[in-house]
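Trainee: Structure supplied as data10.cif; contents: mmCIF, C-alpha atoms.
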```
data_model
loop_
_atom_site.group_PDB
_atom_site.id
_atom_site.type_symbol
_atom_site.label_atom_id
_atom_site.label_comp_id
_atom_site.auth_asym_id
_atom_site.auth_seq_id
_atom_site.Cartn_x
_atom_site.Cartn_y
_atom_site.Cartn_z
ATOM 1 C CA PRO A 1 28.507 202.486 292.374
ATOM 2 C CA ASP A 2 27.699 204.150 295.734
ATOM 3 C CA GLY A 3 24.108 202.858 295.628
ATOM 4 C CA SER A 4 22.556 206.320 295.931
ATOM 5 C CA LYS A 5 21.330 206.783 292.352
ATOM 6 C CA VAL A 6 19.686 204.739 289.619
ATOM 7 C CA PHE A 7 20.390 205.341 285.940
ATOM 8 C CA VAL A 8 17.907 204.756 283.133
ATOM 9 C CA ALA A 9 19.179 204.975 279.551
ATOM 10 C CA TYR A 10 17.215 204.529 276.331
ATOM 11 C CA TRP A 11 18.240 205.299 272.782
ATOM 12 C CA ILE A 12 16.880 204.829 269.289
ATOM 13 C CA MET A 13 18.755 203.985 266.128
ATOM 14 C CA GLY A 14 17.539 204.394 262.555
ATOM 15 C CA ARG A 15 18.165 202.219 259.517
ATOM 16 C CA SER A 16 15.547 203.841 257.259
ATOM 17 C CA ALA A 17 14.922 207.509 256.449
ATOM 18 C CA ASN A 18 11.557 207.297 258.233
ATOM 19 C CA SER A 19 13.117 205.862 261.390
ATOM 20 C CA ARG A 20 15.907 208.434 261.372
ATOM 21 C CA ASN A 21 13.428 211.299 261.058
ATOM 22 C CA ARG A 22 12.771 211.443 264.808
ATOM 23 C CA VAL A 23 13.678 213.315 267.965
ATOM 24 C CA PHE A 24 12.930 212.794 271.639
ATOM 25 C CA GLU A 25 10.592 215.421 273.081
ATOM 26 C CA PRO A 26 10.114 215.864 276.832
ATOM 27 C CA ILE A 27 6.663 215.337 278.284
ATOM 28 C CA GLU A 28 5.536 215.383 281.900
ATOM 29 C CA GLY A 29 7.411 212.575 283.636
ATOM 30 C CA GLY A 30 9.140 211.267 280.536
ATOM 31 C CA ILE A 31 9.678 211.531 276.785
ATOM 32 C CA ARG A 32 7.988 210.719 273.514
ATOM 33 C CA THR A 33 9.228 210.359 269.957
ATOM 34 C CA VAL A 34 8.085 212.906 267.387
ATOM 35 C CA ALA A 35 9.000 213.551 263.763
ATOM 36 C CA ALA A 36 12.001 215.808 263.295
ATOM 37 C CA ASP A 37 10.425 216.951 260.009
ATOM 38 C CA PRO A 38 6.672 216.233 260.001
ATOM 39 C CA ALA A 39 6.544 216.717 256.214
ATOM 40 C CA LYS A 40 8.818 213.683 255.749
ATOM 41 C CA LEU A 41 6.959 211.386 258.146
ATOM 42 C CA GLU A 42 5.719 208.229 256.444
ATOM 43 C CA ASP A 43 4.197 205.393 258.495
ATOM 44 C CA PRO A 44 4.123 206.534 262.164
ATOM 45 C CA HIS A 45 2.611 203.469 263.836
ATOM 46 C CA LEU A 46 5.857 201.823 264.988
ATOM 47 C CA ILE A 47 8.096 204.860 265.390
ATOM 48 C CA ILE A 48 5.961 207.471 267.187
ATOM 49 C CA TYR A 49 5.147 206.630 270.815
ATOM 50 C CA ASN A 50 5.597 207.530 274.476
ATOM 51 C CA ALA A 51 9.002 206.031 275.306
ATOM 52 C CA VAL A 52 9.220 206.903 279.015
ATOM 53 C CA LEU A 53 6.427 207.531 281.523
ATOM 54 C CA THR A 54 6.561 208.065 285.286
ATOM 55 C CA LEU A 55 3.782 206.499 287.360
ATOM 56 C CA ARG A 56 4.059 208.155 290.736
ATOM 57 C CA GLU A 57 7.643 207.049 291.544
ATOM 58 C CA THR A 58 7.896 204.137 289.102
ATOM 59 C CA THR A 59 9.564 204.634 285.715
ATOM 60 C CA VAL A 60 8.365 202.761 282.621
ATOM 61 C CA VAL A 61 10.567 202.736 279.502
ATOM 62 C CA THR A 62 9.921 200.808 276.276
ATOM 63 C CA ASN A 63 10.643 200.823 272.565
ATOM 64 C CA GLY A 64 7.009 201.164 271.465
ATOM 65 C CA ASP A 65 3.430 201.970 272.344
ATOM 66 C CA GLN A 66 3.428 199.197 274.952
ATOM 67 C CA THR A 67 4.548 201.974 277.303
ATOM 68 C CA ASP A 68 0.915 203.071 277.394
ATOM 69 C CA THR A 69 -0.323 199.495 277.909
ATOM 70 C CA ILE A 70 1.962 199.036 280.916
ATOM 71 C CA ALA A 71 0.935 202.404 282.337
ATOM 72 C CA GLN A 72 -2.760 201.544 282.000
ATOM 73 C CA PHE A 73 -2.329 198.231 283.814
ATOM 74 C CA MET A 74 -0.026 199.503 286.545
ATOM 75 C CA ASN A 75 -2.229 202.523 287.188
ATOM 76 C CA GLY A 76 -5.210 200.211 287.584
ATOM 77 C CA ASN A 77 -7.115 201.852 284.729
ATOM 78 C CA LEU A 78 -7.838 198.514 283.051
ATOM 79 C CA PHE A 79 -7.515 195.719 285.605
ATOM 80 C CA PRO A 80 -6.676 196.954 289.113
ATOM 81 C CA GLY A 81 -3.864 195.014 290.771
ATOM 82 C CA TYR A 82 -2.453 193.615 287.552
ATOM 83 C CA SER A 83 1.196 194.002 286.742
ATOM 84 C CA PHE A 84 3.945 194.686 284.252
ATOM 85 C CA GLU A 85 3.848 191.024 283.215
ATOM 86 C CA ALA A 86 0.077 190.979 282.821
ATOM 87 C CA ALA A 87 0.199 194.079 280.646
ATOM 88 C CA LEU A 88 2.758 192.549 278.305
ATOM 89 C CA ALA A 89 0.774 189.313 278.108
ATOM 90 C CA THR A 90 -1.657 191.335 275.972
ATOM 91 C CA ARG A 91 1.066 192.430 273.522
ATOM 92 C CA THR A 92 3.342 190.771 271.003
ATOM 93 C CA TYR A 93 6.336 191.652 268.808
ATOM 94 C CA GLU A 94 6.031 194.391 266.175
ATOM 95 C CA ASP A 95 4.225 193.734 262.891
ATOM 96 C CA ASP A 96 7.188 194.543 260.647
ATOM 97 C CA ALA A 97 7.770 191.278 258.789
ATOM 98 C CA PRO A 98 10.202 189.724 258.102
ATOM 99 C CA ASN A 99 12.140 191.239 261.055
ATOM 100 C CA PHE A 100 9.372 191.080 263.692
ATOM 101 C CA THR A 101 11.204 193.621 265.851
ATOM 102 C CA PRO A 102 11.051 192.653 269.538
ATOM 103 C CA ARG A 103 9.183 194.793 272.028
ATOM 104 C CA ILE A 104 11.569 195.670 274.850
ATOM 105 C CA SER A 105 10.267 197.053 278.149
ATOM 106 C CA GLY A 106 11.618 198.013 281.540
ATOM 107 C CA VAL A 107 10.272 199.177 284.881
ATOM 108 C CA VAL A 108 12.387 200.865 287.559
ATOM 109 C CA LYS A 109 10.849 200.898 291.032
ATOM 110 C CA PRO A 110 11.355 203.608 293.685
ATOM 111 C CA ASP A 111 13.840 201.447 295.639
ATOM 112 C CA GLY A 112 16.004 200.932 292.552
ATOM 113 C CA ASN A 113 14.911 197.360 291.818
ATOM 114 C CA TYR A 114 13.952 196.800 288.205
ATOM 115 C CA ASN A 115 12.351 194.467 285.676
ATOM 116 C CA LEU A 116 13.147 193.952 282.009
ATOM 117 C CA SER A 117 11.209 192.131 279.314
ATOM 118 C CA ILE A 118 11.492 191.187 275.676
ATOM 119 C CA LEU A 119 8.658 189.903 273.474
ATOM 120 C CA LYS A 120 9.920 188.297 270.283
ATOM 121 C CA SER A 121 9.049 185.778 267.615
ATOM 122 C CA LEU A 122 10.342 182.221 267.873
ATOM 123 C CA ASP A 123 13.359 182.318 265.549
ATOM 124 C CA GLY A 124 11.415 184.476 263.106
ATOM 125 C CA ASP A 125 8.284 182.322 263.189
ATOM 126 C CA PRO A 126 5.327 184.752 263.328
ATOM 127 C CA ASP A 127 3.010 182.083 264.745
ATOM 128 C CA CYS A 128 4.779 182.025 268.125
ATOM 129 C CA CYS A 129 5.432 184.934 270.479
ATOM 130 C CA CYS A 130 8.035 184.273 273.178
ATOM 131 C CA ARG A 131 7.717 186.426 276.312
ATOM 132 C CA TYR A 132 10.749 186.706 278.564
ATOM 133 C CA PHE A 133 10.805 188.506 281.927
ATOM 134 C CA PHE A 134 13.806 189.324 284.106
ATOM 135 C CA GLU A 135 13.545 190.664 287.658
ATOM 136 C CA TYR A 136 16.501 192.288 289.394
ATOM 137 C CA ASP A 137 15.994 192.485 293.132
ATOM 138 C CA HIS A 138 18.784 194.425 294.858
ATOM 139 C CA ALA A 139 21.243 194.390 291.973
ATOM 140 C CA ALA A 140 24.835 195.032 293.022
ATOM 141 C CA PRO A 141 25.886 198.717 293.097
ATOM 142 C CA GLY A 142 27.544 199.738 289.855
ATOM 143 C CA VAL A 143 25.846 196.958 287.881
ATOM 144 C CA GLY A 144 23.139 197.365 285.247
ATOM 145 C CA HIS A 145 21.496 195.261 282.524
ATOM 146 C CA PHE A 146 20.794 196.026 278.891
ATOM 147 C CA ILE A 147 18.642 194.553 276.113
ATOM 148 C CA HIS A 148 18.971 195.542 272.465
ATOM 149 C CA THR A 149 16.626 194.692 269.616
ATOM 150 C CA TYR A 150 18.684 192.685 267.137
ATOM 151 C CA GLN A 151 21.396 190.066 267.531
ATOM 152 C CA GLU A 152 23.401 191.007 264.435
ATOM 153 C CA ASP A 153 23.179 192.906 261.145
ATOM 154 C CA VAL A 154 21.953 190.319 258.634
ATOM 155 C CA ASN A 155 18.761 190.026 256.579
ATOM 156 C CA PRO A 156 16.230 189.409 258.018
ATOM 157 C CA LEU A 157 17.310 190.813 261.364
ATOM 158 C CA PRO A 158 17.437 188.149 264.105
ATOM 159 C CA SER A 159 16.074 189.093 267.522
ATOM 160 C CA PHE A 160 18.215 189.578 270.635
ATOM 161 C CA GLU A 161 19.108 186.276 272.305
ATOM 162 C CA GLY A 162 19.826 185.229 275.871
ATOM 163 C CA GLU A 163 19.745 187.092 279.153
ATOM 164 C CA PRO A 164 20.161 190.889 279.330
ATOM 165 C CA ARG A 165 23.784 191.952 279.024
ATOM 166 C CA ARG A 166 25.537 192.932 282.246
ATOM 167 C CA VAL A 167 27.010 196.439 282.065
ATOM 168 C CA ALA A 168 28.978 198.711 284.386
ATOM 169 C CA ILE A 169 27.232 201.839 285.678
ATOM 170 C CA PRO A 170 29.711 204.681 286.288
ATOM 171 C CA GLN A 171 29.971 207.185 289.103
ATOM 172 C CA ALA A 172 28.956 210.087 286.880
ATOM 173 C CA SER A 173 26.356 212.758 286.331
ATOM 174 C CA ALA A 174 23.468 212.212 283.919
ATOM 175 C CA HIS A 175 25.149 214.569 281.456
ATOM 176 C CA GLU A 176 28.503 212.791 281.702
ATOM 177 C CA TRP A 177 27.056 209.331 281.156
ATOM 178 C CA ALA A 178 24.857 210.574 278.298
ATOM 179 C CA GLN A 179 27.941 211.934 276.538
ATOM 180 C CA GLN A 180 29.794 208.637 277.061
ATOM 181 C CA LEU A 181 26.910 206.578 275.688
ATOM 182 C CA TRP A 182 26.301 208.895 272.737
ATOM 183 C CA ALA A 183 29.966 208.594 271.724
ATOM 184 C CA CYS A 184 29.649 204.770 271.727
ATOM 185 C CA LEU A 185 26.714 204.642 269.288
ATOM 186 C CA ASN A 186 27.111 204.141 265.540
ATOM 187 C CA ALA A 187 27.524 207.588 264.025
ATOM 188 C CA ASP A 188 25.393 206.884 260.946
ATOM 189 C CA ASN A 189 22.460 205.209 262.675
ATOM 190 C CA LYS A 190 22.149 206.924 266.061
ATOM 191 C CA VAL A 191 19.073 209.138 266.349
ATOM 192 C CA SER A 192 18.288 210.086 269.959
ATOM 193 C CA LEU A 193 19.393 209.285 273.505
ATOM 194 C CA TYR A 194 17.720 209.760 276.892
ATOM 195 C CA VAL A 195 19.415 209.366 280.276
ATOM 196 C CA SER A 196 17.752 209.897 283.638
ATOM 197 C CA MET A 197 19.486 209.738 287.016
ATOM 198 C CA ILE A 198 17.102 209.077 289.918
ATOM 199 C CA ASP A 199 17.989 209.653 293.566
ATOM 200 C CA VAL A 200 16.730 206.584 295.450
ATOM 201 C CA HIS A 201 16.345 208.563 298.688
ATOM 202 C CA THR A 202 14.533 211.675 297.441
ATOM 203 C CA GLY A 203 13.087 210.524 294.105
ATOM 204 C CA SER A 204 14.509 213.600 292.383
ATOM 205 C CA ARG A 205 15.511 213.192 288.735
ATOM 206 C CA ASP A 206 18.146 214.705 286.499
ATOM 207 C CA SER A 207 17.380 213.901 282.843
ATOM 208 C CA VAL A 208 19.256 214.552 279.609
ATOM 209 C CA ILE A 209 18.118 214.295 275.977
ATOM 210 C CA ILE A 210 20.469 214.270 272.999
ATOM 211 C CA ASN A 211 18.926 214.475 269.520
ATOM 212 C CA LYS A 212 20.982 214.095 266.340
ATOM 213 C CA HIS A 213 18.520 216.340 264.516
ATOM 214 C CA GLY A 214 18.471 219.577 266.480
#
```
In structure tokens, write the structure found in this file.
Mentor:
Amino acid sequence: PDGSKVFVAYWIMGRSANSRNRVFEPIEGGIRTVAADPAKLEDPHLIIYNAVLTLRETTVVTNGDQTDTIAQFMNGNLFPGYSFEAALATRTYEDDAPNFTPRISGVVKPDGNYNLSILKSLDGDPDCCCRYFFEYDHAAPGVGHFIHTYQEDVNPLPSFEGEPRRVAIPQASAHEWAQQLWACLNADNKVSLYVSMIDVHTGSRDSVIINKHG
């Protein structure tokens, strides 16, 4: 609310035993998902990935391996000068029919401005990928935006609809807000939570990880 910090929050939920068998592990400048019990890991290709990466002073956070795609584009390793949007133009929703889980991505810039994106099928039609981008330039202090994967709990799971949800950002520490968010998540399905508080003046970060499994 005082405009001095930016919060980034990302959490994972698990409906299957394989999805629940995960923890967040810190890496340089971010986090990745790893198996809580490697012996129980089944198919890793949609559940094991770098979730948060820091490119100089820009933070990239996603719900899949598109984190690496965005980092490659924004670092200029593939096509110098190309952007967040160009990176995601090369990707589509997840290959987990019949749900076709959306790929959700965000970028937080050093000045606190941010972009969000969701890539999803057209009402469950696998022949059409819809790419939506949202840019927040000088969002009001105390205001954030949030995208989740599914619209409701039915079968198959329908993708998130509409613009990102407007949410209130509290005057709190990273630890305090992490505890508040963790308490709000479904007790059976919550797996891991990451919160990072970034000082817009110094670039310093205070990050918190909460894992259900250890």
Trainee: Do you have the atom CA of Glu176 of chain A-atom CA of Arg20 of chain A distance handy?
Mentor: 24.3 Å
Trainee: Any chance you could tabulate, as a tab-separated table, the residues of segment 34-122 of chain A at most 7 Å from segment 2-19 of chain A with each one's nearest atom pair and distance in Å to one decimal, using only C-alpha atoms, in chain and rising number order?
Mentor:
```
residue	atom	partner	partner_atom	distance
A:Leu41	CA	A:Asn18	CA	6.2
A:Glu42	CA	A:Asn18	CA	6.2
A:Ile47	CA	A:Ser19	CA	6.5
A:Gly112	CA	A:Val6	CA	6.1
```
Trainee: Please expand the PyMOL selection byres ((chain A and resi 48) around 8) into the concrete residues it hits in this file, giving the result as a list in words.
Mentor: Arg32, Thr33, Val34, Ala35, Pro44, His45, Leu46, Ile47, Tyr49, Asn50, Gly64 and Asp65 of chain A
Trainee: Identify which of the residues A:Glu28, A:Tyr93, A:Gly214, A:His175 lies closest to Cys128 of chain A, counting only C-alpha atoms when measuring atom-to-atom distances.
Mentor: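 Nearest to Cys128 of chain A: A:Tyr93.
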Trainee: Using all atoms listed in the file, which of the listed residues (A:Gly203, A:Pro38, A:Gly30, A:Pro110) sits closest to Thr67 of chain A?
Mentor: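 Closest to Thr67 of chain A of all the choices is A:Gly30.
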Trainee: Would you kindly translate the PyMOL selection byres ((chain A and resi 101-104) around 7) into the concrete residues it picks from this file, as a count of residues only?
Mentor: 15
Trainee: Can you tell me how far atom CA of Val108 of chain A sits from atom CA of Ala71 of chain A, in Å to one decimal?
Mentor: 12.7 Å
Trainee: I need the output of the PyMOL selection byres ((chain A and resi 123) around 8) for this file as a PyMOL selection string; which residues are they?
Mentor: chain A and resi 121-122+124-125+158-159
Trainee: Can you tell me, as a compact mmCIF listing (two decimals) with C-alpha atoms, in the frame of the given file, what residues are no more than 6 Å from segment 131-145 of chain A when counting all atoms listed in the file, ignoring any on the same chain fewer than 6 positions away?
Mentor:
```txt
# COMPACT_ATOMS: atom_id res chain seq x y z
CA PRO A 1 28.51 202.49 292.37
CA GLY A 3 24.11 202.86 295.63
CA ASN A 113 14.91 197.36 291.82
CA TYR A 114 13.95 196.80 288.20
CA ASN A 115 12.35 194.47 285.68
CA LEU A 116 13.15 193.95 282.01
CA SER A 117 11.21 192.13 279.31
CA ILE A 118 11.49 191.19 275.68
CA LEU A 119 8.66 189.90 273.47
CA PRO A 164 20.16 190.89 279.33
CA ARG A 165 23.78 191.95 279.02
CA ARG A 166 25.54 192.93 282.25
CA VAL A 167 27.01 196.44 282.06
CA ALA A 168 28.98 198.71 284.39
CA ILE A 169 27.23 201.84 285.68
```
Trainee: Using Å and a single decimal, report how far atom CA of Phe24 of chain A sits from atom CA of Thr202 of chain A.
Mentor: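 Calculated distance between atom CA of Thr202 of chain A and atom CA of Phe24 of chain A is 25.9 Å.
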Trainee: Which residues, written as a list in words, have at least one atom at most 9 Å from segment 179-182 of chain A, with all atoms listed in the file counted and residues fewer than 4 positions away on the same chain left out?
Mentor: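 Listed by chain and then number, they are Ala9, Trp11, Ala174, His175, Asn186, Ala187, Lys190, Ser192, Leu193 and Ile210 of chain A.
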Trainee: Within 7 Å of Thr59 of chain A, counting only C-alpha atoms, which residues show up once you throw out same-chain ones fewer than 2 positions away? Write them as a PyMOL selection string, please.
Mentor: chain A and resi 53-55+57+61+107-109
Trainee: Return the single residue from A:Ile70, A:Leu157, A:Ile31, A:Ile147 that is closest to Ser196 of chain A, with distances computed using all atoms listed in the file.
Mentor: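 Residue with the minimum atom-to-atom distance to Ser196 of chain A: A:Ile31.
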Trainee: Write segment 171-195 of chain A as a tab-separated table (two decimals), in the coordinates of the input, completed to N, CA, C and O atoms.
Mentor:
```tsv
chain	number	residue	atom	x	y	z
A	171	GLN	N	30.23	206.10	288.15
A	171	GLN	CA	29.97	207.18	289.10
A	171	GLN	C	30.07	208.48	288.30
A	171	GLN	O	31.15	209.01	288.10
A	172	ALA	N	28.96	208.95	287.80
A	172	ALA	CA	28.96	210.09	286.88
A	172	ALA	C	27.64	210.83	286.99
A	172	ALA	O	26.67	210.33	287.56
A	173	SER	N	27.61	212.02	286.43
A	173	SER	CA	26.36	212.76	286.33
A	173	SER	C	25.57	212.23	285.14
A	173	SER	O	26.10	211.51	284.28
A	174	ALA	N	24.29	212.61	285.06
A	174	ALA	CA	23.47	212.21	283.92
A	174	ALA	C	24.08	212.74	282.63
A	174	ALA	O	24.12	212.04	281.60
A	175	HIS	N	24.55	213.97	282.65
A	175	HIS	CA	25.15	214.57	281.46
A	175	HIS	C	26.41	213.82	281.05
A	175	HIS	O	26.62	213.53	279.86
A	176	GLU	N	27.24	213.48	282.02
A	176	GLU	CA	28.50	212.79	281.70
A	176	GLU	C	28.25	211.42	281.09
A	176	GLU	O	28.88	211.03	280.10
A	177	TRP	N	27.30	210.67	281.69
A	177	TRP	CA	27.06	209.33	281.16
A	177	TRP	C	26.37	209.40	279.79
A	177	TRP	O	26.65	208.59	278.90
A	178	ALA	N	25.50	210.40	279.60
A	178	ALA	CA	24.86	210.57	278.30
A	178	ALA	C	25.91	210.82	277.22
A	178	ALA	O	25.83	210.26	276.11
A	179	GLN	N	26.89	211.66	277.51
A	179	GLN	CA	27.94	211.93	276.54
A	179	GLN	C	28.76	210.68	276.24
A	179	GLN	O	29.13	210.42	275.08
A	180	GLN	N	29.04	209.88	277.26
A	180	GLN	CA	29.79	208.64	277.06
A	180	GLN	C	29.01	207.66	276.18
A	180	GLN	O	29.56	207.05	275.25
A	181	LEU	N	27.73	207.49	276.48
A	181	LEU	CA	26.91	206.58	275.69
A	181	LEU	C	26.75	207.05	274.25
A	181	LEU	O	26.86	206.26	273.31
A	182	TRP	N	26.50	208.34	274.08
A	182	TRP	CA	26.30	208.90	272.74
A	182	TRP	C	27.54	208.66	271.87
A	182	TRP	O	27.43	208.33	270.68
A	183	ALA	N	28.71	208.79	272.46
A	183	ALA	CA	29.97	208.59	271.72
A	183	ALA	C	30.15	207.14	271.31
A	183	ALA	O	30.87	206.86	270.35
A	184	CYS	N	29.51	206.20	272.03
A	184	CYS	CA	29.65	204.77	271.73
A	184	CYS	C	28.74	204.32	270.58
A	184	CYS	O	28.96	203.24	270.03
A	185	LEU	N	27.71	205.09	270.26
A	185	LEU	CA	26.71	204.64	269.29
A	185	LEU	C	27.19	204.88	267.86
A	185	LEU	O	27.92	205.84	267.58
A	186	ASN	N	26.74	204.03	266.95
A	186	ASN	CA	27.11	204.14	265.54
A	186	ASN	C	26.74	205.51	264.99
A	186	ASN	O	25.58	205.94	265.08
A	187	ALA	N	27.72	206.20	264.43
A	187	ALA	CA	27.52	207.59	264.02
A	187	ALA	C	26.47	207.74	262.95
A	187	ALA	O	25.74	208.74	262.91
A	188	ASP	N	26.35	206.77	262.05
A	188	ASP	CA	25.39	206.88	260.95
A	188	ASP	C	23.97	206.61	261.40
A	188	ASP	O	23.02	207.22	260.89
A	189	ASN	N	23.80	205.68	262.33
A	189	ASN	CA	22.46	205.21	262.68
A	189	ASN	C	21.88	205.79	263.96
A	189	ASN	O	20.69	205.65	264.21
A	190	LYS	N	22.71	206.41	264.81
A	190	LYS	CA	22.15	206.92	266.06
A	190	LYS	C	21.21	208.10	265.79
A	190	LYS	O	21.46	208.92	264.90
A	191	VAL	N	20.13	208.14	266.57
A	191	VAL	CA	19.07	209.14	266.35
A	191	VAL	C	18.88	209.99	267.60
A	191	VAL	O	18.99	211.21	267.55
A	192	SER	N	18.56	209.35	268.73
A	192	SER	CA	18.29	210.09	269.96
A	192	SER	C	18.66	209.24	271.17
A	192	SER	O	18.62	208.00	271.11
A	193	LEU	N	18.99	209.93	272.26
A	193	LEU	CA	19.39	209.28	273.50
A	193	LEU	C	18.75	210.00	274.68
A	193	LEU	O	18.68	211.23	274.71
A	194	TYR	N	18.29	209.22	275.66
A	194	TYR	CA	17.72	209.76	276.89
A	194	TYR	C	18.41	209.09	278.07
A	194	TYR	O	18.56	207.86	278.10
A	195	VAL	N	18.84	209.88	279.03
A	195	VAL	CA	19.42	209.37	280.28
A	195	VAL	C	18.74	210.08	281.44
A	195	VAL	O	18.60	211.31	281.42
```
